Structure formats: structure tokens, C-alpha cells
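Notes follow once the structure below has been shown.
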Protein chains: 2
Amino acid sequence: MTDTYGFHSHDHSACIADCVAHVDQLCRAQGLQFTPVRRRVLEILLEAHRARGAYEILDILRNEGLGSQPPVVYRALDFLVSHGFVHKIEGLNAFVACARPGEDHAAAFLICRRCHAVAETPTATGGGRLGTTARAAGFQIEAAVIEATGVCPKCQTDGSETPPSRART
Amino acid sequence: MTDTYGFHSHDHSACIADCVAHVDQLCRAQGLQFTPVRRRVLEILLEAHRARGAYEILDILRNEGLGSQPPVVYRALDFLVSHGFVHKIEGLNAFVACARPGEDHAAAFLICRRCHAVAETPTATGGGRLGTTARAAGFQIEAAVIEATGVCPKCQTDGSETPPSRART
DNA sequence: TGTTAAACGTGATTATATAACATATCAACC
DNA sequence: GGTTGATATGTTATATAATCACGTTTAACA
């Protein structure tokens with residue numbers, strides 16, 4: 001099975017298993033409980049390799065008997081996000097599996113507005129222009145959201161072009 | 001009256017009037033209707049110099065008899081955002097008046113998580129590392145959201161420190 | 001002044017997220 | 001083994017954010 005990952009086609013049936021196993025290991029090492037719901041939510045996000053909303057994930061959990069109420073999925077997402085296994089895409093109110101779980105990192109995202117595919121790329125923290133501005137203003141940066149919206153290569157070729165939605169910023 | 005603007009104290013009773021007049025001019029020049037609701041929403045955002053939610057704005061409009069239903073404020077915000085007079089802060093689902101209305105620009109934001117003060121700063125478009133990554137991936141960036149969260153100088157001094165909320169990204 | 005497009009008023013609904021509280025599970029310790 | 005405390009889950013209800021649909025009003029302009 002292939003799907004988009006960072007906009008490049010690749011076989012990722014193994015990539016899901018690898019990533020889940022990796023997170024499993026990290027949780028053991030840190031004494032965190034990688035429970036069935038948390039594991040399944042991570043899998044669901046890895047399967048898609050795109051941003052999915054909490055209620056979309058909840059629908060899947062519900063069909064599988066793993067929980068049917070919003071707090072179930074929000075708690076699992078909260079766990080996964082707070083430990084760096086999943087990122088929240090603020091511009092979509094949606095979530096995506098982290099490409100580098102465990103590596104403490106700041107990430108930027110390229111988000112396709114047509115298919116919601118998400119590519120994650122590392123980014124500098126504080127070294128850039130924004131960091132300089134912040135220091136000059138006496139502002140202490142704790143976290144940053146960097147999300148670029150556009151059209152991924154696949155959707156550019158797919159035709160039936162839709163106009164850009166109005167810029168957000 | 002003084003308030004925070006870019007985290008610096010300054011008199012801004014004039015700054016509100018100036019900005020509204022400036023936007024008024026821009027609308028005339030572009031044949032846009034700067035209606036009472038739209039004008040008032042912009043003023044409300046300028047008065048605060050911080051991010052405010054749509055329903056917070058709506059409460060004020062309601063008290064003034066300018067509209068009581070969500071679509072009223074969302075339509076006004078949609079107009080203001082789409083013409084670059086207001087920015088949406090995705091991380092807060094809230095809105096802030098633009099510091100440079102009319103100048104077509106990409107902006108980054110420093111957002112205080114305690115008082116929701118927002119400083120806007122210009123940012124490079126496409127020239128940086130993210131732009132390079134995007135080009136290499138064949139991704140066409142149309143818009144970018146750059147939001148740094150932290151504590152502003154005022155709140156740092158104000159004591160009663162609250163711990164950082166979990167990182168979002 | 002008649003025509004048309006844009007903006008507004010309003011009620012309902014959808015989407016996203018959290019509060020509050022009861023129950024269950026698990027590990028540490030006695 | 002039983003108790004205890006911490007963490008996770010189940011469930012109901014509700015809060016918050018945003019949009020839809022449709023009819024009316026207003027503004028621009030021929």
C-alpha cells in the first residue's frame with residue numbers, strides 16, 4: 001500500500017508498524033502508558049498521513065468499539081501531542097502523526113489545502129528573524145506554530161483547479 | 001489612555017482613530033463598503049490591541065444594538081481579514097487588528113499566553129528555509145501562519161507565574 | 001426610478017472542545 | 001493478598017466556534 005508522505009509516494013505499511021513500535025519503546029523508556037486507545041489513535045493518524053479531525057478519528061474508534069464520546073479521543077490526542085508523538089495543525093483544527101517522534105524538535109508544516117496532506121520539516125528555534133525580534137522585545141518564546149498552506153505536487157497535477165481560499169494571515 | 005501595543009506602552013487613543021481613518025480611505029479607494037458593523041468590529045479590535053474571540057466581539061455589538069447573531073460578526077471579520085485589515089490568530093481562534101493595514105505583507109505574531117497581547121512583525125515570504133524546502137518538494141505556498149507563543153514582558157514582571165501550557169507543535 | 005448586487009437580520013444547525021463526575025485499572029506498599 | 005493512590009476510561013452534559021439557509025434591506029448605478 002502506498003500513500004503520500006511528505007508528498008512522496010512510498011510504501012508505508014511497514015512505516016506504520018515501525019513508528020508505532022518506536023513510540024511503544026519510547027513510552028516504556030519514559031514510564032508512559034501506551035494504552036489501546038492511544039495506540040489506535042496514533043495508528044489512525046499514521047494510516048492517513050494527512051491531517052484528520054478529532055471527530056473523524058472518533059468515528060473510527062466508535063466503529064471499533066474503542067470509545068464513542070469526544071473526551072475519549074481528545075484525551076488520547078492530548079497525550080500524544082503533549083509527548084510529541086502527534087502534532088496539532090491549528091489552521092485545520094486537525095491532527096497529524098509526528099514524523100520524528102521522540103526527537104525533541106520544532107517543526108514547520110506544509111499543508112495541502114485540497115487533500116490535507118501534511119509534510120513536516122524541522123525548523124530553527126529562536127535563531128531566525130522572529131527569534132531576534134522576540135528577544136529585542138523582551139518576549140520569551142515557548143512554542144511556535146509554523147504552517148504554510150498551498151497545493152501539494154499531487155493535487156497540482158490532478159487538475160480541476162480550485163482557487164486559493166483567502167489568505168489567513 | 002495607554003495599553004500594550006507590540007508590548008510597548010503608548011498612547012493610542014489617536015492610534016485607533018488614525019487606523020480607522022486609514023482603513024476608511026483604503027476602502028474608498030478600492031470601492032469597498034466600510035459599513036458601521038465592519039467599522040465597529042475594527043475599532044473593537046483596535047481598542048484591545050490583543051486577540052479577541054468572535055463571540056467576545058459579538059457581545060459588545062449586541063450591547064450596542066449592532067447585531068446579535070454570530071453571522072453578523074463572522075461576516076464582518078471575514079471582510080476585514082480578507083482585505084488585510086485584521087488577522088486571525090489560529091492558535092487562539094481569535095482575531096487582532098492588523099498593524100499595517102493595506103500594505104500587502106506576510107506577518108508573524110508573538111502572542112502572550114497570559115494576556116493575549118499580540119505583537120505583529122513582518123516576515124520573509126519564501127526566501128527562508130521553509131520556502132526552500134517547499135520548492136524542493138514541489139509545494140506551492142500560498143499563505144503561511146507563523147505564531148510564536150510565550151509570555152510578554154509585562155506578564156513576565158507581573159509575577160504569579162503560571163507554567164507554560166503544553167507545547168502545541 | 002427601476003434593477004441588481006451586496007450587505008444584513010434571524011433562526012437553526014454543524015463542528016470543535018471541555019467540564020464534571022463516576023468507574024475501572026494498575027502499581028506500590030503494607 | 002488487601003489497601004491505597006495515581007492514572008486512565010466511560011458517560012452525560014455543556015461550552016465554544018463557525019456555518020447554512022433564507023428572506024429583507026440597503027447601496028450603487030444605469
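Following the order of the C-alpha cells, first chain is A, next is B, and so on, with residues numbered from 1 inside each chain and ligands from 1 in the order they appear.
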At most 6 Å is the cut-off: for each residue in chain A with any atom that close to an atom of chain B, write down the nearest atom pair and the distance in Å rounded to one decimal, counting only C-alpha atoms, chain first then increasing number, as CSV.
```
residue,atom,partner,partner_atom,distance
A:Ser82,CA,B:Arg166,CA,5.9
A:His87,CA,B:Thr169,CA,5.3
A:Glu90,CA,B:Glu90,CA,5.7
A:Gly91,CA,B:Glu90,CA,5.8
A:Gly138,CA,B:Pro153,CA,5.5
A:Phe139,CA,B:Cys152,CA,4.9
A:Gln140,CA,B:Gly150,CA,5.4
A:Ile141,CA,B:Gly150,CA,4.5
A:Glu142,CA,B:Gly150,CA,4.8
A:Ala143,CA,B:Thr149,CA,5.2
A:Ala144,CA,B:Ala148,CA,4.1
A:Val145,CA,B:Glu147,CA,5.0
A:Ile146,CA,B:Ile146,CA,4.5
A:Glu147,CA,B:Val145,CA,5.0
A:Ala148,CA,B:Ala144,CA,4.1
A:Thr149,CA,B:Ala143,CA,5.3
A:Gly150,CA,B:Ile141,CA,4.5
A:Val151,CA,B:Gln140,CA,5.5
A:Cys152,CA,B:Phe139,CA,4.9
A:Pro153,CA,B:Gly138,CA,5.5
A:Ala167,CA,B:Ala143,CA,5.6
A:Thr169,CA,B:His87,CA,5.3
```
Please produce a file of the residues just selected, as a compact mmCIF listing (two decimals), in the first residue's frame, where the atoms kept are N, CA, C and O atoms.
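File produced: part_19.txt:
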```txt
# COMPACT_ATOMS: atom_id res chain seq x y z
N SER A 82 1.12 16.04 23.73
CA SER A 82 1.96 16.58 24.80
C SER A 82 3.29 15.83 24.89
O SER A 82 4.27 16.38 25.39
N HIS A 87 1.22 16.04 16.13
CA HIS A 87 1.16 17.49 16.10
C HIS A 87 -0.28 17.94 15.81
O HIS A 87 -1.00 17.29 15.07
N GLU A 90 -3.07 23.80 13.61
CA GLU A 90 -4.01 24.81 14.10
C GLU A 90 -4.91 25.33 12.99
O GLU A 90 -6.08 25.62 13.21
N GLY A 91 -4.34 25.46 11.81
CA GLY A 91 -5.10 26.03 10.70
C GLY A 91 -6.26 25.15 10.25
O GLY A 91 -7.16 25.61 9.56
N GLY A 138 11.83 41.60 24.35
CA GLY A 138 11.76 41.03 25.70
C GLY A 138 10.72 39.94 25.80
O GLY A 138 10.22 39.63 26.88
N PHE A 139 10.40 39.34 24.68
CA PHE A 139 9.38 38.29 24.65
C PHE A 139 10.03 36.92 24.70
O PHE A 139 10.99 36.66 23.97
N GLN A 140 9.52 36.08 25.58
CA GLN A 140 10.09 34.75 25.77
C GLN A 140 9.28 33.72 24.99
O GLN A 140 8.19 33.33 25.38
N ILE A 141 9.82 33.26 23.86
CA ILE A 141 9.10 32.29 23.05
C ILE A 141 9.15 30.91 23.70
O ILE A 141 10.21 30.44 24.08
N GLU A 142 8.00 30.29 23.82
CA GLU A 142 7.94 28.94 24.41
C GLU A 142 7.58 27.89 23.37
O GLU A 142 7.96 26.74 23.48
N ALA A 143 6.80 28.30 22.38
CA ALA A 143 6.41 27.36 21.33
C ALA A 143 6.06 28.16 20.10
O ALA A 143 5.73 29.34 20.18
N ALA A 144 6.13 27.52 18.95
CA ALA A 144 5.80 28.24 17.72
C ALA A 144 4.98 27.36 16.80
O ALA A 144 5.15 26.14 16.76
N VAL A 145 4.05 27.99 16.12
CA VAL A 145 3.25 27.32 15.10
C VAL A 145 3.65 27.89 13.76
O VAL A 145 3.56 29.10 13.55
N ILE A 146 4.17 27.04 12.88
CA ILE A 146 4.54 27.49 11.54
C ILE A 146 3.86 26.59 10.54
O ILE A 146 4.19 25.41 10.41
N GLU A 147 2.87 27.14 9.85
CA GLU A 147 2.08 26.33 8.93
C GLU A 147 1.92 27.05 7.59
O GLU A 147 1.32 28.11 7.52
N ALA A 148 2.48 26.47 6.55
CA ALA A 148 2.31 27.04 5.22
C ALA A 148 1.22 26.26 4.49
O ALA A 148 1.22 25.03 4.48
N THR A 149 0.29 27.00 3.91
CA THR A 149 -0.80 26.38 3.18
C THR A 149 -0.59 26.56 1.69
O THR A 149 -0.09 27.59 1.26
N GLY A 150 -0.97 25.56 0.92
CA GLY A 150 -0.82 25.65 -0.53
C GLY A 150 -1.34 24.38 -1.17
O GLY A 150 -2.24 23.75 -0.64
N VAL A 151 -0.77 24.05 -2.30
CA VAL A 151 -1.22 22.86 -3.02
C VAL A 151 -0.03 21.93 -3.20
O VAL A 151 1.04 22.34 -3.65
N CYS A 152 -0.22 20.67 -2.86
CA CYS A 152 0.86 19.70 -2.95
C CYS A 152 1.05 19.29 -4.41
O CYS A 152 0.18 19.51 -5.25
N PRO A 153 2.20 18.70 -4.74
CA PRO A 153 2.51 18.35 -6.12
C PRO A 153 1.43 17.47 -6.74
O PRO A 153 1.05 17.66 -7.89
N ALA A 167 -6.34 34.23 1.88
CA ALA A 167 -5.19 34.10 2.79
C ALA A 167 -5.67 34.33 4.21
O ALA A 167 -6.59 35.10 4.46
N THR A 169 -3.61 35.18 6.85
CA THR A 169 -2.70 35.92 7.73
C THR A 169 -2.37 37.30 7.21
O THR A 169 -2.70 37.65 6.10
```
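Those residues of chain B that fall within 9 Å of chain D when using only C-alpha atoms (C1' of nucleotides) read Gly53, Ala54, Tyr55, Pro70, Pro71, Tyr74 and Asn93 of chain B.
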Discussion item. I need the residues of region 75-133 of chain B that end up classed as strand (DSSP E or B) by DSSP on the backbone, written out as an MDAnalysis selection string.
Written reply: chainID B and resid 86:89 94:97 107:112 117:122
Saved selection, atoms kept: all heavy atoms, as a short mmCIF file (atom, residue, chain, number, x, y, z; two decimals), in the first residue's frame:
```cif
data_model
loop_
_atom_site.label_atom_id
_atom_site.label_comp_id
_atom_site.auth_asym_id
_atom_site.auth_seq_id
_atom_site.Cartn_x
_atom_site.Cartn_y
_atom_site.Cartn_z
N VAL B 86 -7.42 42.89 9.29
CA VAL B 86 -7.43 42.13 10.54
C VAL B 86 -6.76 40.79 10.26
O VAL B 86 -6.83 40.26 9.15
CB VAL B 86 -8.90 41.91 11.02
CG1 VAL B 86 -8.99 40.76 12.01
CG2 VAL B 86 -9.46 43.18 11.63
N HIS B 87 -6.08 40.25 11.27
CA HIS B 87 -5.50 38.91 11.15
C HIS B 87 -6.22 37.94 12.07
O HIS B 87 -6.64 38.31 13.16
CB HIS B 87 -4.02 38.93 11.54
CG HIS B 87 -3.16 39.78 10.67
ND1 HIS B 87 -2.88 39.45 9.35
CD2 HIS B 87 -2.52 40.95 10.90
CE1 HIS B 87 -2.09 40.39 8.83
NE2 HIS B 87 -1.87 41.31 9.75
N LYS B 88 -6.30 36.71 11.61
CA LYS B 88 -6.81 35.67 12.51
C LYS B 88 -5.63 35.01 13.20
O LYS B 88 -4.64 34.67 12.54
CB LYS B 88 -7.61 34.62 11.73
CG LYS B 88 -8.10 33.50 12.65
CD LYS B 88 -9.13 32.60 12.02
CE LYS B 88 -9.69 31.66 13.08
NZ LYS B 88 -10.64 30.69 12.50
N ILE B 89 -5.74 34.83 14.50
CA ILE B 89 -4.73 34.09 15.26
C ILE B 89 -5.25 32.66 15.41
O ILE B 89 -6.15 32.39 16.21
CB ILE B 89 -4.50 34.73 16.64
CG1 ILE B 89 -4.10 36.20 16.50
CG2 ILE B 89 -3.44 33.95 17.42
CD1 ILE B 89 -2.81 36.44 15.75
N ALA B 94 -8.94 33.43 17.41
CA ALA B 94 -9.27 34.80 17.77
C ALA B 94 -8.70 35.75 16.72
O ALA B 94 -8.00 35.32 15.80
CB ALA B 94 -8.72 35.13 19.16
N PHE B 95 -9.01 37.03 16.88
CA PHE B 95 -8.68 38.00 15.83
C PHE B 95 -7.98 39.21 16.42
O PHE B 95 -8.22 39.59 17.57
CB PHE B 95 -9.96 38.41 15.11
CG PHE B 95 -10.68 37.26 14.47
CD1 PHE B 95 -11.55 36.47 15.23
CD2 PHE B 95 -10.46 36.92 13.14
CE1 PHE B 95 -12.20 35.38 14.65
CE2 PHE B 95 -11.11 35.84 12.57
CZ PHE B 95 -11.98 35.06 13.32
N VAL B 96 -7.15 39.83 15.60
CA VAL B 96 -6.40 41.00 16.06
C VAL B 96 -6.31 41.99 14.89
O VAL B 96 -6.22 41.58 13.73
CB VAL B 96 -5.01 40.56 16.54
CG1 VAL B 96 -4.12 40.12 15.40
CG2 VAL B 96 -4.33 41.66 17.34
N ALA B 97 -6.36 43.27 15.21
CA ALA B 97 -6.25 44.28 14.15
C ALA B 97 -4.86 44.26 13.55
O ALA B 97 -3.88 44.04 14.25
CB ALA B 97 -6.56 45.66 14.72
N ALA B 107 2.91 38.27 7.75
CA ALA B 107 3.15 38.67 9.12
C ALA B 107 3.41 37.46 10.01
O ALA B 107 2.92 36.37 9.75
CB ALA B 107 1.96 39.45 9.66
N ALA B 108 4.21 37.68 11.03
CA ALA B 108 4.38 36.68 12.08
C ALA B 108 3.92 37.33 13.39
O ALA B 108 3.89 38.56 13.49
CB ALA B 108 5.84 36.26 12.18
N PHE B 109 3.54 36.50 14.35
CA PHE B 109 2.97 37.04 15.57
C PHE B 109 3.65 36.50 16.81
O PHE B 109 4.02 35.32 16.87
CB PHE B 109 1.48 36.71 15.64
CG PHE B 109 0.72 37.23 14.46
CD1 PHE B 109 0.49 36.42 13.37
CD2 PHE B 109 0.28 38.54 14.43
CE1 PHE B 109 -0.20 36.91 12.26
CE2 PHE B 109 -0.40 39.04 13.33
CZ PHE B 109 -0.63 38.22 12.24
N LEU B 110 3.83 37.38 17.79
CA LEU B 110 4.26 36.99 19.12
C LEU B 110 3.04 37.12 20.02
O LEU B 110 2.48 38.22 20.14
CB LEU B 110 5.39 37.90 19.63
CG LEU B 110 6.67 37.91 18.79
CD1 LEU B 110 7.64 38.98 19.32
CD2 LEU B 110 7.33 36.54 18.81
N ILE B 111 2.62 36.03 20.62
CA ILE B 111 1.34 36.01 21.33
C ILE B 111 1.57 35.66 22.80
O ILE B 111 2.11 34.60 23.11
CB ILE B 111 0.42 34.94 20.70
CG1 ILE B 111 0.22 35.23 19.22
CG2 ILE B 111 -0.91 34.88 21.44
CD1 ILE B 111 -0.20 34.01 18.43
N CYS B 112 1.14 36.54 23.68
CA CYS B 112 1.28 36.26 25.10
C CYS B 112 0.17 35.33 25.54
O CYS B 112 -1.01 35.61 25.37
CB CYS B 112 1.22 37.55 25.92
SG CYS B 112 1.34 37.21 27.69
N ALA B 117 -1.99 39.55 24.52
CA ALA B 117 -1.43 40.65 23.74
C ALA B 117 -0.73 40.05 22.53
O ALA B 117 -0.17 38.95 22.60
CB ALA B 117 -0.44 41.45 24.58
N VAL B 118 -0.78 40.78 21.43
CA VAL B 118 -0.20 40.26 20.20
C VAL B 118 0.71 41.32 19.59
O VAL B 118 0.31 42.47 19.44
CB VAL B 118 -1.29 39.90 19.17
CG1 VAL B 118 -0.67 39.53 17.84
CG2 VAL B 118 -2.14 38.75 19.71
N ALA B 119 1.94 40.94 19.26
CA ALA B 119 2.82 41.81 18.50
C ALA B 119 2.95 41.25 17.10
O ALA B 119 3.10 40.04 16.92
CB ALA B 119 4.18 41.90 19.17
N GLU B 120 2.83 42.12 16.13
CA GLU B 120 2.93 41.69 14.74
C GLU B 120 4.27 42.14 14.19
O GLU B 120 4.71 43.25 14.45
CB GLU B 120 1.79 42.32 13.94
CG GLU B 120 1.87 41.99 12.46
CD GLU B 120 0.73 42.63 11.67
OE1 GLU B 120 -0.26 43.08 12.30
OE2 GLU B 120 0.82 42.68 10.44
N THR B 121 4.90 41.28 13.44
CA THR B 121 6.18 41.63 12.85
C THR B 121 6.23 41.10 11.43
O THR B 121 5.70 40.03 11.15
CB THR B 121 7.34 41.09 13.71
OG1 THR B 121 8.57 41.39 13.08
CG2 THR B 121 7.25 39.58 13.87
N PRO B 122 6.81 41.89 10.53
CA PRO B 122 6.86 41.41 9.15
C PRO B 122 7.76 40.19 9.05
O PRO B 122 8.64 39.99 9.89
CB PRO B 122 7.45 42.58 8.38
CG PRO B 122 7.99 43.52 9.38
CD PRO B 122 7.43 43.19 10.71
#
```
Select from chain A everything DSSP, run on the backbone, classes as helix (DSSP H, G or I), then give the selection as a PDB file with C-alpha atoms, in the first residue's frame.
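Produced file out_33.pdb, reproduced below:
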```pdb
ATOM      1  CA  SER A  13       2.627  -0.449   5.670  1.00  0.00           C
ATOM      2  CA  ALA A  14       5.952  -1.050   7.373  1.00  0.00           C
ATOM      3  CA  CYS A  15       6.345   2.613   8.252  1.00  0.00           C
ATOM      4  CA  ILE A  16       3.191   2.485  10.383  1.00  0.00           C
ATOM      5  CA  ALA A  17       4.337  -0.569  12.283  1.00  0.00           C
ATOM      6  CA  ASP A  18       7.813   0.876  12.728  1.00  0.00           C
ATOM      7  CA  CYS A  19       6.549   4.147  14.057  1.00  0.00           C
ATOM      8  CA  VAL A  20       4.109   2.525  16.475  1.00  0.00           C
ATOM      9  CA  ALA A  21       6.857   0.235  17.719  1.00  0.00           C
ATOM     10  CA  HIS A  22       9.152   3.190  18.131  1.00  0.00           C
ATOM     11  CA  VAL A  23       6.618   5.119  20.169  1.00  0.00           C
ATOM     12  CA  ASP A  24       5.904   1.991  22.176  1.00  0.00           C
ATOM     13  CA  GLN A  25       9.588   1.817  23.067  1.00  0.00           C
ATOM     14  CA  LEU A  26       9.733   5.492  23.956  1.00  0.00           C
ATOM     15  CA  CYS A  27       6.744   5.109  26.253  1.00  0.00           C
ATOM     16  CA  ARG A  28       8.293   2.137  28.031  1.00  0.00           C
ATOM     17  CA  ALA A  29      11.533   4.045  28.451  1.00  0.00           C
ATOM     18  CA  GLN A  30       9.707   7.041  29.918  1.00  0.00           C
ATOM     19  CA  PRO A  36      -5.010   0.643  23.329  1.00  0.00           C
ATOM     20  CA  VAL A  37      -6.912   3.841  22.604  1.00  0.00           C
ATOM     21  CA  ARG A  38      -3.736   5.902  22.400  1.00  0.00           C
ATOM     22  CA  ARG A  39      -2.076   3.328  20.198  1.00  0.00           C
ATOM     23  CA  ARG A  40      -5.068   3.083  17.894  1.00  0.00           C
ATOM     24  CA  VAL A  41      -5.367   6.873  17.532  1.00  0.00           C
ATOM     25  CA  LEU A  42      -1.721   7.070  16.548  1.00  0.00           C
ATOM     26  CA  GLU A  43      -2.240   4.265  14.024  1.00  0.00           C
ATOM     27  CA  ILE A  44      -5.256   6.013  12.535  1.00  0.00           C
ATOM     28  CA  LEU A  45      -3.205   9.142  12.002  1.00  0.00           C
ATOM     29  CA  LEU A  46      -0.287   7.201  10.559  1.00  0.00           C
ATOM     30  CA  GLU A  47      -2.573   5.350   8.164  1.00  0.00           C
ATOM     31  CA  ALA A  48      -3.753   8.597   6.647  1.00  0.00           C
ATOM     32  CA  ALA A  54     -10.843  14.652  16.221  1.00  0.00           C
ATOM     33  CA  TYR A  55     -14.379  13.673  15.280  1.00  0.00           C
ATOM     34  CA  GLU A  56     -13.200  11.853  12.177  1.00  0.00           C
ATOM     35  CA  ILE A  57     -10.932   9.781  14.406  1.00  0.00           C
ATOM     36  CA  LEU A  58     -13.736   9.323  16.910  1.00  0.00           C
ATOM     37  CA  ASP A  59     -15.979   7.855  14.208  1.00  0.00           C
ATOM     38  CA  ILE A  60     -13.378   5.179  13.541  1.00  0.00           C
ATOM     39  CA  LEU A  61     -12.915   4.418  17.231  1.00  0.00           C
ATOM     40  CA  ARG A  62     -16.668   4.170  17.646  1.00  0.00           C
ATOM     41  CA  ASN A  63     -16.968   1.618  14.851  1.00  0.00           C
ATOM     42  CA  PRO A  70     -15.457  13.112  22.431  1.00  0.00           C
ATOM     43  CA  PRO A  71     -13.379  13.070  25.623  1.00  0.00           C
ATOM     44  CA  VAL A  72     -12.013   9.661  24.663  1.00  0.00           C
ATOM     45  CA  VAL A  73     -10.354  10.909  21.519  1.00  0.00           C
ATOM     46  CA  TYR A  74      -9.396  14.290  22.942  1.00  0.00           C
ATOM     47  CA  ARG A  75      -7.658  12.668  25.886  1.00  0.00           C
ATOM     48  CA  ALA A  76      -5.718  10.340  23.631  1.00  0.00           C
ATOM     49  CA  LEU A  77      -4.758  13.224  21.338  1.00  0.00           C
ATOM     50  CA  ASP A  78      -3.770  15.320  24.327  1.00  0.00           C
ATOM     51  CA  PHE A  79      -1.444  12.575  25.486  1.00  0.00           C
ATOM     52  CA  LEU A  80       0.064  12.064  22.048  1.00  0.00           C
ATOM     53  CA  VAL A  81       0.514  15.780  21.402  1.00  0.00           C
ATOM     54  CA  SER A  82       1.961  16.576  24.797  1.00  0.00           C
ATOM     55  CA  GLU A  90      -4.009  24.810  14.097  1.00  0.00           C
ATOM     56  CA  GLY A  91      -5.101  26.030  10.702  1.00  0.00           C
ATOM     57  CA  LEU A  92      -7.292  22.969  10.239  1.00  0.00           C
ATOM     58  CA  ARG A 129      14.474  36.633  12.398  1.00  0.00           C
ATOM     59  CA  LEU A 130      11.490  36.020  14.631  1.00  0.00           C
ATOM     60  CA  GLY A 131      13.722  34.908  17.492  1.00  0.00           C
ATOM     61  CA  THR A 132      15.759  38.070  17.176  1.00  0.00           C
ATOM     62  CA  THR A 133      12.639  40.225  17.136  1.00  0.00           C
ATOM     63  CA  ALA A 134      11.301  38.427  20.189  1.00  0.00           C
ATOM     64  CA  ARG A 135      14.493  38.896  22.172  1.00  0.00           C
ATOM     65  CA  ALA A 136      14.594  42.556  21.253  1.00  0.00           C
ATOM     66  CA  ALA A 137      11.025  42.950  22.514  1.00  0.00           C
ATOM     67  CA  PRO A 153       2.512  18.350  -6.124  1.00  0.00           C
ATOM     68  CA  LYS A 154      -0.062  15.585  -6.489  1.00  0.00           C
ATOM     69  CA  CYS A 155      -3.032  17.936  -6.350  1.00  0.00           C
ATOM     70  CA  GLN A 156      -1.323  20.412  -8.694  1.00  0.00           C
ATOM     71  CA  THR A 157      -1.269  17.719 -11.376  1.00  0.00           C
TER      72      THR A 157
END
```
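Counting from C1' of DA6 (chain C), the distance to CA of Thr35 (chain B) is 11.4 Å.
Interface residues on chain C toward chain A (cut-off 9 Å, only C-alpha atoms (C1' of nucleotides)): C:DA15, C:DT16, C:DA17, C:DT18.
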Discussion item. Just to confirm, what's the straight-line distance from CA of Phe34 (chain B) to C1' of DT3 (chain C) in Å (one decimal)?
Written reply: 23.2 Å
